[in-house]
$ cat data-v8.csv   # CSV, C-alpha atoms
chain,number,residue,atom,x,y,z
P,1,MET,CA,4.6,72.0,3.3
P,2,LYS,CA,2.1,69.2,3.1
P,3,LYS,CA,0.7,70.7,-0.1
P,4,ILE,CA,4.1,70.7,-1.7
P,5,TYR,CA,4.7,67.1,-0.6
P,6,ILE,CA,1.3,66.0,-2.1
P,7,ARG,CA,2.1,67.9,-5.4
P,8,CYS,CA,5.5,66.2,-5.6
P,9,LEU,CA,4.0,62.8,-5.0
P,10,GLY,CA,1.4,63.5,-7.7
P,11,LEU,CA,4.1,64.5,-10.2
P,12,ILE,CA,6.2,61.4,-9.4
P,13,LEU,CA,3.1,59.2,-9.8
P,14,ILE,CA,2.3,60.8,-13.2
P,15,GLY,CA,5.9,60.3,-14.3
P,16,VAL,CA,5.9,56.6,-13.2
P,17,PHE,CA,2.5,55.9,-14.7
P,18,GLY,CA,3.6,57.6,-17.9
P,19,PHE,CA,6.7,55.4,-18.0
P,20,ILE,CA,5.0,52.1,-17.3
P,21,ASN,CA,1.8,52.7,-19.3
P,22,HIS,CA,2.8,52.6,-23.0
P,23,SER,CA,-0.7,52.5,-24.2
P,24,GLY,CA,-0.4,55.9,-25.9
P,25,GLY,CA,2.3,57.4,-28.1
P,26,ILE,CA,4.1,56.3,-31.3
P,27,TYR,CA,5.2,52.7,-32.1
P,28,SER,CA,7.7,52.3,-34.9
P,29,SER,CA,10.0,50.0,-36.8
P,30,ASN,CA,12.7,50.4,-39.4
P,31,THR,CA,13.1,46.6,-39.9
P,32,GLY,CA,9.6,45.5,-41.0
P,33,ASN,CA,9.0,42.6,-43.5
P,34,ILE,CA,6.9,42.9,-46.6
P,35,ASN,CA,6.6,40.0,-49.0
P,36,PHE,CA,4.9,39.9,-52.3
P,37,PHE,CA,3.8,36.8,-54.0
P,38,SER,CA,2.5,36.2,-57.5
P,39,HIS,CA,1.0,32.8,-58.3
P,40,THR,CA,0.2,31.6,-61.8
P,41,SER,CA,0.1,28.1,-63.2
P,42,VAL,CA,3.3,28.9,-65.1
P,43,GLU,CA,5.4,30.3,-62.2
P,44,ASP,CA,5.4,31.5,-58.6
P,45,ILE,CA,7.3,34.7,-57.9
P,46,SER,CA,8.2,35.9,-54.4
P,47,ALA,CA,10.3,38.7,-53.1
P,48,ASP,CA,11.1,40.1,-49.6
P,49,ASN,CA,12.0,43.5,-48.2
P,50,HIS,CA,13.3,43.5,-44.6
P,51,LYS,CA,13.9,47.3,-44.1
P,52,VAL,CA,10.4,48.6,-44.2
P,53,LYS,CA,9.9,51.8,-42.2
P,54,SER,CA,6.7,52.0,-40.4
P,55,ALA,CA,5.0,53.7,-37.4
P,56,PHE,CA,1.6,54.1,-35.9
P,57,ASP,CA,0.0,56.4,-33.4
P,58,ALA,CA,-1.6,54.3,-30.6
P,59,THR,CA,-4.0,57.2,-29.8
P,60,SER,CA,-5.2,58.4,-33.2
P,61,GLY,CA,-4.7,55.1,-35.1
P,62,LYS,CA,-2.8,56.7,-37.9
P,63,ILE,CA,-0.4,54.2,-39.5
P,64,GLN,CA,2.2,54.8,-42.2
P,65,PHE,CA,4.7,52.7,-44.2
P,66,SER,CA,7.6,53.6,-46.5
P,67,LEU,CA,9.9,51.2,-48.4
P,68,LEU,CA,12.4,51.1,-51.2
P,69,ILE,CA,11.3,49.2,-54.2
P,70,LYS,CA,14.9,48.3,-55.1
P,71,ASP,CA,15.2,46.6,-51.7
P,72,PHE,CA,12.9,43.7,-52.7
P,73,GLU,CA,15.1,40.6,-53.0
P,74,PHE,CA,14.1,37.9,-55.5
P,75,LYS,CA,15.5,34.4,-55.7
P,76,LYS,CA,16.4,35.0,-59.4
P,77,ALA,CA,18.6,38.0,-60.2
P,78,LEU,CA,17.0,38.3,-63.7
P,79,MET,CA,13.5,38.6,-62.2
P,80,GLN,CA,14.7,41.3,-59.8
P,81,GLU,CA,16.3,43.2,-62.7
P,82,HIS,CA,13.1,43.0,-64.8
P,83,PHE,CA,10.9,44.0,-61.8
P,84,ASN,CA,13.1,47.1,-61.2
P,85,GLU,CA,14.0,48.2,-64.7
P,86,ASN,CA,10.9,47.3,-66.8
P,87,TYR,CA,7.9,47.1,-64.5
P,88,LEU,CA,8.4,49.3,-61.4
P,89,GLU,CA,11.0,51.7,-62.9
P,90,SER,CA,12.5,51.9,-59.5
P,91,THR,CA,15.2,54.4,-60.2
P,92,LYS,CA,12.5,56.9,-61.3
P,93,PHE,CA,10.0,55.8,-58.6
P,94,PRO,CA,12.1,54.6,-55.8
P,95,LYS,CA,9.5,54.3,-53.0
P,96,ALA,CA,6.2,52.7,-52.1
P,97,LYS,CA,4.2,54.4,-49.4
P,98,PHE,CA,1.1,53.7,-47.3
P,99,ASN,CA,-0.8,56.3,-45.3
P,100,GLY,CA,-3.8,55.0,-43.4
P,101,ASN,CA,-5.7,54.4,-40.3
P,102,ILE,CA,-6.3,51.6,-37.7
P,103,SER,CA,-10.0,52.2,-37.3
P,104,ASN,CA,-10.5,50.2,-34.1
P,105,VAL,CA,-7.3,51.4,-32.3
P,106,SER,CA,-9.2,52.4,-29.1
P,107,ALA,CA,-10.1,48.7,-28.6
P,108,ILE,CA,-6.5,47.7,-28.5
P,109,ASP,CA,-4.8,47.7,-25.0
P,110,PHE,CA,-1.1,48.2,-25.9
P,111,SER,CA,-0.1,47.8,-22.3
P,112,LYS,CA,-1.5,44.3,-22.0
P,113,ASN,CA,-0.4,41.1,-23.7
P,114,GLY,CA,-3.0,39.8,-26.2
P,115,LYS,CA,-4.1,39.5,-29.7
P,116,TYR,CA,-6.4,42.1,-31.3
P,117,SER,CA,-7.7,42.7,-34.8
P,118,SER,CA,-8.8,45.8,-36.6
P,119,PRO,CA,-9.7,47.0,-40.0
P,120,VAL,CA,-7.0,49.1,-41.6
P,121,SER,CA,-7.6,51.3,-44.6
P,122,GLY,CA,-5.6,53.9,-46.4
P,123,LYS,CA,-3.9,55.0,-49.6
P,124,LEU,CA,-1.1,52.9,-51.1
P,125,THR,CA,1.2,54.8,-53.5
P,126,ILE,CA,3.3,53.0,-56.1
P,127,LYS,CA,4.8,54.7,-59.1
P,128,ASP,CA,3.1,58.0,-58.1
P,129,VAL,CA,-0.4,56.3,-58.3
P,130,SER,CA,-2.5,56.2,-55.1
P,131,LYS,CA,-5.3,53.7,-54.5
P,132,THR,CA,-7.3,52.9,-51.5
P,133,VAL,CA,-6.5,49.6,-49.8
P,134,ASN,CA,-8.6,47.9,-47.1
P,135,THR,CA,-7.6,45.0,-45.0
P,136,ILE,CA,-7.9,43.4,-41.5
P,137,ALA,CA,-4.7,43.6,-39.5
P,138,THR,CA,-3.8,41.5,-36.4
P,139,PHE,CA,-1.9,43.2,-33.6
P,140,THR,CA,-0.2,40.9,-31.1
P,141,VAL,CA,1.0,42.7,-28.0
P,142,ASN,CA,3.8,40.8,-26.2
P,143,GLY,CA,6.1,42.3,-23.6
P,144,GLY,CA,6.2,45.8,-25.1
P,145,VAL,CA,6.6,44.6,-28.7
P,146,VAL,CA,3.5,45.0,-30.9
P,147,ASN,CA,3.6,42.6,-33.9
P,148,GLY,CA,1.4,43.8,-36.7
P,149,LYS,CA,0.4,41.4,-39.5
P,150,ALA,CA,-1.8,42.0,-42.5
P,151,SER,CA,-2.2,41.0,-46.2
P,152,PHE,CA,-4.1,42.3,-49.2
P,153,LYS,CA,-4.0,42.0,-53.0
P,154,VAL,CA,-3.0,44.4,-55.6
P,155,ASN,CA,-3.4,44.4,-59.4
P,156,PRO,CA,-0.3,45.7,-61.1
P,157,GLU,CA,-2.5,47.4,-63.8
P,158,ASP,CA,-4.0,49.7,-61.1
P,159,TYR,CA,-0.6,51.3,-60.6
P,160,ASN,CA,0.4,51.7,-64.2
P,161,ILE,CA,2.6,48.7,-64.1
P,162,GLU,CA,2.7,47.4,-67.7
P,163,ILE,CA,3.4,43.7,-68.1
P,164,PRO,CA,4.7,42.8,-71.6
P,165,LYS,CA,2.5,40.3,-73.5
P,166,LEU,CA,5.3,37.8,-73.6
P,167,VAL,CA,5.3,37.3,-69.8
P,168,VAL,CA,1.7,38.3,-69.1
P,169,ASN,CA,0.7,34.7,-68.2
P,170,LYS,CA,3.6,34.4,-65.7
P,171,ILE,CA,2.5,37.4,-63.5
P,172,SER,CA,-0.7,37.3,-61.5
P,173,LYS,CA,-3.3,40.1,-61.6
P,174,ASP,CA,-3.8,39.4,-57.8
P,175,ILE,CA,-0.4,39.9,-56.2
P,176,LYS,CA,-0.5,39.1,-52.5
P,177,ILE,CA,1.2,41.6,-50.3
P,178,SER,CA,2.0,40.3,-46.8
P,179,ILE,CA,3.2,42.6,-44.0
P,180,ASP,CA,4.9,41.5,-40.7
P,181,VAL,CA,6.3,44.2,-38.5
P,182,ASP,CA,7.5,44.2,-34.9
P,183,PHE,CA,6.7,47.7,-33.6
P,184,ARG,CA,8.5,49.1,-30.5
P,185,HIS,CA,7.4,52.1,-28.4
P,186,LYS,CA,9.3,55.2,-29.4
P,187,HIS,CA,10.7,57.0,-26.3
E,1,MET,CA,25.6,20.3,-98.8
E,2,LYS,CA,22.8,19.7,-96.2
E,3,LYS,CA,25.2,18.6,-93.5
E,4,PRO,CA,27.0,21.9,-92.9
E,5,ILE,CA,23.7,23.8,-92.7
E,6,PHE,CA,22.3,21.2,-90.2
E,7,LEU,CA,25.5,21.5,-88.2
E,8,PHE,CA,25.4,25.3,-88.2
E,9,LEU,CA,21.7,25.3,-87.2
E,10,SER,CA,22.3,22.8,-84.4
E,11,LEU,CA,25.2,24.9,-83.0
E,12,LEU,CA,23.1,28.1,-83.2
E,13,ILE,CA,20.2,26.5,-81.3
E,14,LEU,CA,22.6,25.0,-78.7
E,15,GLY,CA,24.4,28.3,-78.3
E,16,GLY,CA,21.1,30.2,-78.1
E,17,GLY,CA,19.8,27.8,-75.5
E,18,TYR,CA,22.9,28.0,-73.4
E,19,TYR,CA,22.8,31.8,-73.5
E,20,ALA,CA,19.1,31.8,-72.5
E,21,PHE,CA,19.8,29.4,-69.7
E,22,LYS,CA,22.7,31.4,-68.4
E,23,THR,CA,20.7,34.7,-68.5
E,24,TYR,CA,17.7,33.1,-66.8
E,25,ASN,CA,19.9,31.7,-64.0
E,26,LYS,CA,22.0,34.8,-63.7
E,27,LYS,CA,23.5,35.1,-60.2
E,28,HIS,CA,22.9,38.0,-57.8
E,29,ILE,CA,25.8,40.5,-57.5
E,30,ASN,CA,28.5,39.2,-55.1
E,31,VAL,CA,29.5,42.2,-53.0
E,32,ALA,CA,32.7,40.7,-51.7
E,33,GLU,CA,34.0,40.0,-55.2
E,34,THR,CA,32.8,43.2,-56.9
E,35,LYS,CA,35.0,46.2,-56.9
E,36,ALA,CA,33.4,49.2,-55.3
E,37,PHE,CA,32.6,52.0,-57.7
E,38,ILE,CA,33.4,54.6,-55.2
E,39,LYS,CA,34.8,55.0,-51.6
E,40,ILE,CA,33.0,57.7,-49.7
E,41,THR,CA,32.3,58.9,-46.2
E,42,ALA,CA,28.8,58.3,-44.7
E,43,ALA,CA,28.3,62.0,-44.3
E,44,ASP,CA,29.1,62.8,-47.9
E,45,LEU,CA,26.9,59.9,-49.2
E,46,PHE,CA,24.0,61.1,-47.1
E,47,ASN,CA,24.5,64.7,-48.2
E,48,GLU,CA,24.5,63.8,-51.9
E,49,PHE,CA,21.1,62.0,-51.5
E,50,ASP,CA,19.7,64.7,-49.2
E,51,SER,CA,20.6,67.6,-51.6
E,52,ASN,CA,19.5,65.9,-54.9
E,53,GLU,CA,17.8,62.5,-54.6
E,54,THR,CA,17.2,62.1,-58.3
E,55,GLU,CA,20.8,62.8,-59.2
E,56,ALA,CA,22.1,60.5,-56.4
E,57,MET,CA,19.8,57.7,-57.5
E,58,ASN,CA,21.2,57.9,-61.0
E,59,LYS,CA,24.7,57.9,-59.7
E,60,TYR,CA,24.5,55.3,-56.9
E,61,ALA,CA,21.5,53.0,-57.2
E,62,ASP,CA,22.4,49.3,-57.6
E,63,LYS,CA,26.1,50.2,-57.4
E,64,ILE,CA,28.6,48.7,-54.9
E,65,VAL,CA,29.9,51.4,-52.6
E,66,GLU,CA,32.5,51.5,-49.9
E,67,VAL,CA,31.4,53.7,-47.0
E,68,MET,CA,33.4,54.9,-44.0
E,69,GLY,CA,31.4,56.1,-41.0
E,70,GLN,CA,30.7,56.0,-37.3
E,71,VAL,CA,28.3,53.4,-36.1
E,72,THR,CA,25.5,55.0,-34.1
E,73,SER,CA,23.7,51.8,-33.3
E,74,THR,CA,23.1,48.2,-34.3
E,75,ASP,CA,19.5,47.1,-35.0
E,76,LEU,CA,19.2,43.3,-34.6
E,77,SER,CA,15.5,43.3,-34.3
E,78,ASN,CA,15.0,41.5,-37.5
E,79,ALA,CA,16.9,38.2,-37.6
E,80,LYS,CA,16.4,37.9,-41.4
E,81,GLU,CA,18.5,41.0,-42.0
E,82,PRO,CA,20.6,42.4,-39.1
E,83,GLN,CA,21.3,46.1,-39.6
E,84,LEU,CA,23.5,48.9,-38.4
E,85,LEU,CA,23.3,52.6,-38.7
E,86,LEU,CA,26.2,54.9,-39.7
E,87,LYS,CA,26.0,58.6,-38.7
E,88,GLY,CA,24.7,60.6,-41.6
E,89,ASN,CA,23.9,64.3,-41.0
E,90,GLY,CA,24.3,64.1,-37.2
E,91,ASP,CA,20.6,64.5,-36.7
E,92,ASN,CA,17.8,62.3,-38.2
E,93,GLY,CA,19.8,61.1,-41.2
E,94,PHE,CA,21.6,57.8,-41.3
E,95,ILE,CA,23.1,55.2,-43.6
E,96,ARG,CA,21.2,52.0,-42.9
E,97,CYS,CA,23.3,49.0,-43.7
E,98,GLY,CA,21.7,45.6,-44.0
E,99,PHE,CA,23.7,42.4,-43.6
E,100,LYS,CA,23.1,38.7,-44.4
E,101,PRO,CA,22.4,36.7,-41.2
E,102,GLU,CA,25.7,34.9,-41.5
E,103,GLU,CA,27.5,38.2,-41.0
E,104,LEU,CA,25.9,38.7,-37.6
E,105,GLU,CA,28.9,37.6,-35.4
E,106,LYS,CA,31.0,40.3,-37.1
E,107,MET,CA,28.6,43.0,-35.9
E,108,ASN,CA,29.3,42.7,-32.2
E,109,ASN,CA,30.8,45.6,-30.3
E,110,LEU,CA,30.8,48.1,-33.2
E,111,ASP,CA,28.8,50.9,-31.5
E,112,THR,CA,30.5,54.3,-31.8
E,113,LYS,CA,33.4,52.8,-33.8
E,114,THR,CA,34.4,54.2,-37.1
E,115,ILE,CA,34.2,51.4,-39.7
E,116,LEU,CA,34.6,50.8,-43.4
E,117,LEU,CA,32.0,48.7,-45.1
E,118,LYS,CA,30.9,47.7,-48.5
E,119,GLY,CA,27.3,47.2,-49.8
E,120,GLU,CA,24.9,47.6,-52.6
E,121,CYS,CA,23.2,51.1,-52.6
E,122,LYS,CA,19.4,50.9,-52.8
E,123,GLY,CA,18.4,54.6,-52.5
E,124,MET,CA,17.0,56.9,-49.8
E,125,ASN,CA,14.1,55.9,-47.6
E,126,SER,CA,12.4,59.1,-46.6
E,127,ALA,CA,8.8,60.2,-46.4
E,128,GLU,CA,8.4,64.0,-46.2
E,129,ASP,CA,4.7,63.6,-46.5
E,130,LEU,CA,4.4,61.0,-43.8
E,131,ASP,CA,4.7,62.8,-40.4
E,132,LEU,CA,5.3,59.7,-38.3
E,133,LEU,CA,8.3,58.6,-40.3
E,134,ALA,CA,10.8,61.3,-39.4
E,135,ASP,CA,14.1,59.4,-39.8
E,136,VAL,CA,15.8,59.5,-43.2
E,137,ASP,CA,17.9,56.5,-44.3
E,138,VAL,CA,20.2,56.0,-47.2
E,139,VAL,CA,20.0,52.3,-47.6
E,140,LEU,CA,22.7,49.7,-48.4
E,141,SER,CA,22.1,46.0,-48.6
E,142,LYS,CA,24.2,42.8,-48.5
E,143,CYS,CA,26.9,44.7,-46.6
E,144,ILE,CA,30.2,43.3,-45.5
E,145,ILE,CA,32.6,44.9,-43.0
E,146,ILE,CA,36.0,45.6,-44.4
E,147,GLU,CA,37.7,47.3,-41.4
E,148,ASP,CA,36.6,48.0,-37.9
$ encode --input "data-v8.csv" --output "structure tokens"
Amino acid sequence: MKKIYIRCLGLILIGVFGFINHSGGIYSSNTGNINFFSHTSVEDISADNHKVKSAFDATSGKIQFSLLIKDFEFKKALMQEHFNENYLESTKFPKAKFNGNISNVSAIDFSKNGKYSSPVSGKLTIKDVSKTVNTIATFTVNGGVVNGKASFKVNPEDYNIEIPKLVVNKISKDIKISIDVDFRHKH
Amino acid sequence: MKKPIFLFLSLLILGGGYYAFKTYNKKHINVAETKAFIKITAADLFNEFDSNETEAMNKYADKIVEVMGQVTSTDLSNAKEPQLLLKGNGDNGFIRCGFKPEELEKMNNLDTKTILLKGECKGMNSAEDLDLLADVDVVLSKCIIIED
């Protein structure tokens, strides 16, 4: 009888511990923000996407993103049209994806509030072209929400994005991509 | 003789300039004022994308659609674009509808209700090759609620 009691207690403790300790498992978001910013002396261009799908595995460090190119909102409708129709061909290539790894994930305590940073590297795919991207990401754990921030630069030419000569001096070769996602533990 | 040519050229330049200015400052599509190209159920819209994404992209991308469906949840985690999900395939497939922040107050108490909304179709966010991203969303932006 005592054995059964101890076993039950053990099981309850494991259950309770598993519920409280969210340090493992999958953290995800469907409402992440990604901004891209192109600066030249002629013009600054900025666009935002607020429906970025992303998730990471707090144990293995695997991190993934997927977004719709057409969901980038520009201030100017004409710019948005050119971006989609002429440069990104977003009806033919609707998504951009990232598949990578948080290399220092074991040093992040997801059950404790705090700010951590780690290198993240992986493959970014745009227009069916995949290139390696490296950056340093910041993870801020606050009350169960993990905010992830990172930025890196891409050159449109690397992804077969052809910029017409007429506007070539308006679009930077170093486009800054900024990521800001609130991840929540997936139950 | 020179005068009419001068006048004609001036008009041409002015007209051209006006056209260029109007094109450059073209406004974003106004969902409320644009007639929907189709009225469809959330389940049918999802199925069309799920069965042939390329065909569905050509048909729906950048178009204004009216969608009728059951709200499975509201996702207000991003204040820049409050969102709600309509039931798609009854499993991991949804219609994800993004709203402007000023529409937020109209999004209260909608859970489980069947509603009619209007928005701009952006495509299907799915990632078969990315195992952590299991949910599939057909995405609408700049949505407005028509009936709830």
$ residues_near_point --input "data-v8.csv" --point "(13.1, 44.6, -47.7)" --cutoff "7 Å" --atoms "all atoms listed in the file" --output "ChimeraX atom specification"
/P:33-34,48-52,71-73
$ interface_residues --input "data-v8.csv" --of "chain P" --to "chain E" --cutoff "6 Å" --atoms "all atoms listed in the file" --output "ChimeraX atom specification"
/P:31,70,77
$ residues_near_point --input "data-v8.csv" --point "(20.4, 65.0, -35.9)" --cutoff "12 Å" --atoms "all atoms listed in the file" --output "PyMOL selection string"
chain E and resi 43+72+87-94+134-136
$ atom_distance --input "data-v8.csv" --atom1 "CA of Ser118 in chain P" --atom2 "CA of Val105 in chain P"
7.2 Å
$ residues_around --input "data-v8.csv" --residues "Pro94 in chain P" --least-positions-apart "2" --cutoff "7 Å" --atoms "all atoms listed in the file" --output "MDAnalysis selection string"
chainID P and resid 68:70 90:92
$ write_last_selection --input "data-v8.csv" --atoms "C-alpha atoms" --output "CSV table (one decimal), in the coordinates of the input"
chain,number,residue,atom,x,y,z
P,68,LEU,CA,12.4,51.1,-51.2
P,69,ILE,CA,11.3,49.2,-54.2
P,70,LYS,CA,14.9,48.3,-55.1
P,90,SER,CA,12.5,51.9,-59.5
P,91,THR,CA,15.2,54.4,-60.2
P,92,LYS,CA,12.5,56.9,-61.3
$ residues_around --input "data-v8.csv" --residues "Pro119 in chain P" --least-positions-apart "2" --cutoff "10 Å" --atoms "all atoms listed in the file" --output "list in words"
Asn101, Ile102, Ser103, Asn104, Val105, Ser117, Ser121, Asn134, Thr135, Ile136, Ala137, Thr138 and Ala150 of chain P
$ write_last_selection --input "data-v8.csv" --atoms "C-alpha atoms" --output "JSON list (two decimals), keeping the file's coordinate frame"
[["chain", "number", "residue", "atom", "x", "y", "z"],
["P", 101, "ASN", "CA", -5.70, 54.40, -40.30],
["P", 102, "ILE", "CA", -6.30, 51.60, -37.70],
["P", 103, "SER", "CA", -10.00, 52.20, -37.30],
["P", 104, "ASN", "CA", -10.50, 50.20, -34.10],
["P", 105, "VAL", "CA", -7.30, 51.40, -32.30],
["P", 117, "SER", "CA", -7.70, 42.70, -34.80],
["P", 121, "SER", "CA", -7.60, 51.30, -44.60],
["P", 134, "ASN", "CA", -8.60, 47.90, -47.10],
["P", 135, "THR", "CA", -7.60, 45.00, -45.00],
["P", 136, "ILE", "CA", -7.90, 43.40, -41.50],
["P", 137, "ALA", "CA", -4.70, 43.60, -39.50],
["P", 138, "THR", "CA", -3.80, 41.50, -36.40],
["P", 150, "ALA", "CA", -1.80, 42.00, -42.50]]
$ closest_residue --input "data-v8.csv" --among "P:Gly100, P:Gly32, P:Gly114, P:Pro164" --to "Ile63 in chain P" --atoms "all atoms listed in the file"
P:Gly100
$ residues_around --input "data-v8.csv" --residues "Gly69 in chain E" --least-positions-apart "6" --cutoff "10 Å" --atoms "only C-alpha atoms" --output "VMD selection string"
chain E and resid 40 to 44 85 to 88 94 to 95 112 to 117
$ residues_around --input "data-v8.csv" --residues "Gln64 in chain P" --least-positions-apart "5" --cutoff "6 Å" --atoms "all atoms listed in the file" --output "VMD selection string"
chain P and resid 54 to 55 98 to 99
$ atom_distance --input "data-v8.csv" --atom1 "CA of Asn169 in chain P" --atom2 "CA of His82 in chain P"
15.3 Å
$ atom_distance --input "data-v8.csv" --atom1 "CA of Ser106 in chain P" --atom2 "CA of Ile26 in chain P"
14.0 Å
$ closest_residue --input "data-v8.csv" --among "P:Phe37, P:Tyr27, P:Phe139, P:Tyr116" --to "Lys170 in chain P" --atoms "all atoms listed in the file"
P:Phe37
$ closest_residue --input "data-v8.csv" --among "P:Ile163, P:Leu88, P:Ile108, P:Val146" --to "Val129 in chain P" --atoms "only C-alpha atoms"
P:Leu88
$ closest_residue --input "data-v8.csv" --among "P:Thr140, P:His187, P:Thr132, P:Phe65" --to "Val154 in chain P" --atoms "only C-alpha atoms"
P:Thr132
$ decode --input "data-v8.csv" --residues "range 51-75 of chain E" --atoms "N, CA and C atoms" --output "PDB file, in the first residue's frame"
ATOM      1  N   SER E  51      -5.796  21.916 -52.020  1.00  0.00           N
ATOM      2  CA  SER E  51      -5.721  20.927 -53.097  1.00  0.00           C
ATOM      3  C   SER E  51      -4.848  21.399 -54.256  1.00  0.00           C
ATOM      4  N   ASN E  52      -4.785  22.705 -54.515  1.00  0.00           N
ATOM      5  CA  ASN E  52      -3.895  23.187 -55.585  1.00  0.00           C
ATOM      6  C   ASN E  52      -3.498  24.635 -55.302  1.00  0.00           C
ATOM      7  N   GLU E  53      -2.372  24.777 -54.624  1.00  0.00           N
ATOM      8  CA  GLU E  53      -1.940  26.104 -54.168  1.00  0.00           C
ATOM      9  C   GLU E  53      -1.665  27.057 -55.339  1.00  0.00           C
ATOM     10  N   THR E  54      -1.008  26.545 -56.376  1.00  0.00           N
ATOM     11  CA  THR E  54      -0.652  27.400 -57.517  1.00  0.00           C
ATOM     12  C   THR E  54      -1.912  27.961 -58.177  1.00  0.00           C
ATOM     13  N   GLU E  55      -2.867  27.077 -58.400  1.00  0.00           N
ATOM     14  CA  GLU E  55      -4.116  27.505 -59.031  1.00  0.00           C
ATOM     15  C   GLU E  55      -4.843  28.519 -58.137  1.00  0.00           C
ATOM     16  N   ALA E  56      -4.886  28.232 -56.832  1.00  0.00           N
ATOM     17  CA  ALA E  56      -5.574  29.118 -55.890  1.00  0.00           C
ATOM     18  C   ALA E  56      -4.876  30.478 -55.801  1.00  0.00           C
ATOM     19  N   MET E  57      -3.547  30.476 -55.866  1.00  0.00           N
ATOM     20  CA  MET E  57      -2.801  31.752 -55.835  1.00  0.00           C
ATOM     21  C   MET E  57      -3.206  32.605 -57.031  1.00  0.00           C
ATOM     22  N   ASN E  58      -3.227  31.976 -58.214  1.00  0.00           N
ATOM     23  CA  ASN E  58      -3.587  32.728 -59.424  1.00  0.00           C
ATOM     24  C   ASN E  58      -5.012  33.269 -59.338  1.00  0.00           C
ATOM     25  N   LYS E  59      -5.878  32.512 -58.669  1.00  0.00           N
ATOM     26  CA  LYS E  59      -7.277  32.919 -58.587  1.00  0.00           C
ATOM     27  C   LYS E  59      -7.514  33.984 -57.500  1.00  0.00           C
ATOM     28  N   TYR E  60      -6.890  33.810 -56.325  1.00  0.00           N
ATOM     29  CA  TYR E  60      -7.266  34.638 -55.171  1.00  0.00           C
ATOM     30  C   TYR E  60      -6.252  35.702 -54.728  1.00  0.00           C
ATOM     31  N   ALA E  61      -4.963  35.524 -55.067  1.00  0.00           N
ATOM     32  CA  ALA E  61      -3.954  36.424 -54.506  1.00  0.00           C
ATOM     33  C   ALA E  61      -4.238  37.883 -54.849  1.00  0.00           C
ATOM     34  N   ASP E  62      -4.138  38.734 -53.855  1.00  0.00           N
ATOM     35  CA  ASP E  62      -4.355  40.185 -53.965  1.00  0.00           C
ATOM     36  C   ASP E  62      -5.815  40.567 -54.234  1.00  0.00           C
ATOM     37  N   LYS E  63      -6.709  39.602 -54.190  1.00  0.00           N
ATOM     38  CA  LYS E  63      -8.120  39.897 -54.460  1.00  0.00           C
ATOM     39  C   LYS E  63      -8.876  40.089 -53.136  1.00  0.00           C
ATOM     40  N   ILE E  64      -9.974  40.844 -53.225  1.00  0.00           N
ATOM     41  CA  ILE E  64     -10.825  41.031 -52.055  1.00  0.00           C
ATOM     42  C   ILE E  64     -11.861  39.902 -52.028  1.00  0.00           C
ATOM     43  N   VAL E  65     -11.918  39.186 -50.920  1.00  0.00           N
ATOM     44  CA  VAL E  65     -12.859  38.061 -50.811  1.00  0.00           C
ATOM     45  C   VAL E  65     -13.749  38.237 -49.574  1.00  0.00           C
ATOM     46  N   GLU E  66     -14.982  37.742 -49.705  1.00  0.00           N
ATOM     47  CA  GLU E  66     -15.886  37.692 -48.544  1.00  0.00           C
ATOM     48  C   GLU E  66     -15.912  36.251 -48.079  1.00  0.00           C
ATOM     49  N   VAL E  67     -15.622  36.047 -46.798  1.00  0.00           N
ATOM     50  CA  VAL E  67     -15.518  34.679 -46.293  1.00  0.00           C
ATOM     51  C   VAL E  67     -16.446  34.478 -45.101  1.00  0.00           C
ATOM     52  N   MET E  68     -17.213  33.386 -45.173  1.00  0.00           N
ATOM     53  CA  MET E  68     -18.123  33.029 -44.085  1.00  0.00           C
ATOM     54  C   MET E  68     -17.533  31.827 -43.364  1.00  0.00           C
ATOM     55  N   GLY E  69     -17.403  31.937 -42.035  1.00  0.00           N
ATOM     56  CA  GLY E  69     -16.843  30.802 -41.316  1.00  0.00           C
ATOM     57  C   GLY E  69     -16.993  30.941 -39.818  1.00  0.00           C
ATOM     58  N   GLN E  70     -16.664  29.847 -39.133  1.00  0.00           N
ATOM     59  CA  GLN E  70     -16.786  29.839 -37.672  1.00  0.00           C
ATOM     60  C   GLN E  70     -15.463  30.257 -37.030  1.00  0.00           C
ATOM     61  N   VAL E  71     -15.548  31.205 -36.095  1.00  0.00           N
ATOM     62  CA  VAL E  71     -14.346  31.684 -35.407  1.00  0.00           C
ATOM     63  C   VAL E  71     -13.885  30.602 -34.431  1.00  0.00           C
ATOM     64  N   THR E  72     -12.647  30.135 -34.576  1.00  0.00           N
ATOM     65  CA  THR E  72     -12.141  29.140 -33.629  1.00  0.00           C
ATOM     66  C   THR E  72     -11.378  29.827 -32.488  1.00  0.00           C
ATOM     67  N   SER E  73     -10.732  30.952 -32.799  1.00  0.00           N
ATOM     68  CA  SER E  73     -10.073  31.709 -31.724  1.00  0.00           C
ATOM     69  C   SER E  73      -9.684  33.092 -32.217  1.00  0.00           C
ATOM     70  N   THR E  74      -9.498  34.000 -31.265  1.00  0.00           N
ATOM     71  CA  THR E  74      -8.952  35.309 -31.607  1.00  0.00           C
ATOM     72  C   THR E  74      -7.536  35.353 -31.055  1.00  0.00           C
ATOM     73  N   ASP E  75      -6.630  35.937 -31.819  1.00  0.00           N
ATOM     74  CA  ASP E  75      -5.221  36.002 -31.417  1.00  0.00           C
ATOM     75  C   ASP E  75      -4.825  37.478 -31.369  1.00  0.00           C
TER      76      ASP E  75
END
